[in-house]
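Working notes, beginning with the structure itself.
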Amino acid sequence: MKKHPHILSVLLFTLIFFASCKSTKRIASGEANLELSAKQLIKENAKQSPEFKTLQAKLKISYASDGDEQTHSVIFRLKKDEVIWINSAFSVVRAMITPEKVSFYNKLDNTFFDGDYKYLSDLLGTELDFEKVQNLLLGETLFNLDDADYSVSVNDDLYVLQPKNQQQLFEIFYILSPQHFKVKSQQISQPSNSRHLQIDYLTYQEVNKQAFPENIKIIAVEANKEMIARLEFKSVSLNEDLNFPFSIPSGFDEIKLK
């Protein structure tokens, strides 16, 4: 059975971000405040969490792995806390992610996947669920900052947050802007498995007076393998009535994970 994993990986990476619309402008740097405690910084970061019901955007994805480079443009839709949906041109590849499962199909090779989050977790090298994927898309920390005690330091005029007690299996670092208190980078390392995930939020944009990621760079490393994805979100609209159609065509072959 033939597969096109790179195309699927690229389009599933659509689980990740958005950009400009008519009322959109890039978030400019303001006055830096480098004197906050960890608790104050976490509080300021929480204030920046966007509030909306639905989001739609055009997403341009550039992807490189093992010498293969591709660029794709897709439609991205999100119903907060419920559904993430993507669709490529002519519906060649369509995906839908819910809190319960990950589903997609690919008309290029007549295959489909309908299962748990192992596919995405393997792709990024860290355990994922719907909340973590959504947080990653919205420029939020993967893990809830209220679930642990954090220490704060300043490096290159940026805040660095890390748990006071790092877990044995992996280490977490969050880098936050002292201007708008959004995440600039989040990094998860698993030294025992030679895994490293780094998500850099290169620019933010303002949509309806709220901050959303605009350009993101994602680097996933496992042993000597590296995957890099760049995401650019355009034409963002909020709180429209959206549909999330999805059904697996008959006669397609199911992708089975090992």
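In the structure tokens, chains take the letters A, B, ... in the order shown, each chain's residues start at 1, and ligands count up from 1 in the order shown.
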Set the distance at 7 Å and use only C-alpha atoms: which residues neighbour Leu59 in chain A once local chain neighbours fewer than 4 positions away are removed? I'd like the list as a list of chain:residue names.
A:Phe18, A:Ser73, A:Val74, A:Ile75, A:Phe76, A:Leu231, A:Glu232, A:Phe233, A:Lys234
Extract, using only C-alpha atoms, all DNA, RNA and protein residues at most 12 Å from Ser153 in chain A, discarding same-chain residues fewer than 3 positions from it, and format them as a list in words.
Leu34, Glu35, Leu36, Ser37, Ala38, Leu41, Tyr150, Asp156, Asp157, Leu158, Tyr159, Val160, Leu161, Gln162, Pro163, Lys164, Phe173, Tyr174, Ile175, Leu176 and Pro178 of chain A
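Between His72 in chain A and the candidates A:Ser189, A:Gln56, A:Asn87, A:Asn135, the tightest atom-to-atom separation, counting only C-alpha atoms, involves A:Asn87.
Shortest atom-to-atom contact with Val83 in chain A among A:Gly67, A:Pro245, A:Gly251, A:Pro191: A:Pro245, counting only C-alpha atoms.
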Figure out the distance between CA of Gly125 in chain A and CA of Glu254 in chain A, please, to one decimal in Å.
22.7 Å
Using DSSP secondary structure from the backbone, list all strand (DSSP E) positions within range 129-164 of chain A, as a compact mmCIF listing (two decimals) with N, CA and C atoms, in the first residue's frame.
```txt
# COMPACT_ATOMS: atom_id res chain seq x y z
N TYR A 150 7.04 27.66 39.32
CA TYR A 150 8.03 28.02 38.33
C TYR A 150 9.02 29.03 38.89
N SER A 151 10.22 28.95 38.38
CA SER A 151 11.23 29.97 38.66
C SER A 151 11.39 30.82 37.41
N VAL A 152 11.80 32.06 37.59
CA VAL A 152 11.95 32.97 36.46
C VAL A 152 13.35 33.57 36.46
N SER A 153 13.89 33.75 35.28
CA SER A 153 15.18 34.42 35.10
C SER A 153 15.09 35.26 33.84
N VAL A 154 16.08 36.10 33.63
CA VAL A 154 16.10 36.96 32.44
C VAL A 154 17.35 36.63 31.63
N ASN A 155 17.16 36.40 30.35
CA ASN A 155 18.27 36.09 29.45
C ASN A 155 18.04 36.83 28.13
N LEU A 158 14.77 38.69 27.73
CA LEU A 158 13.55 37.89 27.65
C LEU A 158 13.39 37.12 28.95
N TYR A 159 12.14 36.85 29.33
CA TYR A 159 11.88 36.04 30.50
C TYR A 159 12.03 34.55 30.16
N VAL A 160 12.63 33.81 31.07
CA VAL A 160 12.72 32.36 30.94
C VAL A 160 12.03 31.73 32.15
N LEU A 161 10.95 30.99 31.87
CA LEU A 161 10.21 30.28 32.91
C LEU A 161 10.53 28.80 32.84
N GLN A 162 10.78 28.18 33.99
CA GLN A 162 10.97 26.74 34.03
C GLN A 162 10.49 26.21 35.37
N PRO A 163 9.96 24.98 35.38
CA PRO A 163 9.51 24.41 36.66
C PRO A 163 10.65 24.34 37.66
```
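Distances from A:Pro99, A:Lys60, A:Ala89, A:Asn106 to Asp253 in chain A were compared using only C-alpha atoms, and the smallest one belongs to A:Asn106.
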Nearby residues (only C-alpha atoms) at most 7 Å from range 216-229 of chain A, same-chain spacing under 4 positions excluded, as a PyMOL selection string
chain A and resi 61-65+124-125+194-202
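The spacing separating CA of Ile97 in chain A from CA of Ser247 in chain A amounts to 12.6 Å.
CA of Leu257 in chain A is found 26.1 Å from CA of Asp81 in chain A.
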Counting only C-alpha atoms, which residue out of A:Phe52, A:Phe181, A:Trp85, A:Phe112 sits closest to Leu238 in chain A?
A:Phe52
Given only C-alpha atoms as the counted atoms, nearest of A:Phe244, A:Gln205, A:Ile255, A:Leu145 to Lys43 in chain A
A:Leu145
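With only C-alpha atoms as the atoms that count, the residue of A:Ala148, A:Ala46, A:Lys209, A:Phe246 with the shortest distance to Thr98 in chain A is A:Phe246.
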Check the DSSP output for the backbone and give back, as an NGL selection string, the residues of range 25-221 of chain A in alpha helix (DSSP H).
:A and (38-47 or 118-124 or 130-138)
Neighbours of Tyr105 in chain A within 7 Å (only C-alpha atoms; same-chain residues fewer than 2 positions away dropped), as a list in words?
Val93, Arg94, Ala95, Lys107, Thr111, Phe112, Phe113 and Ile248 of chain A
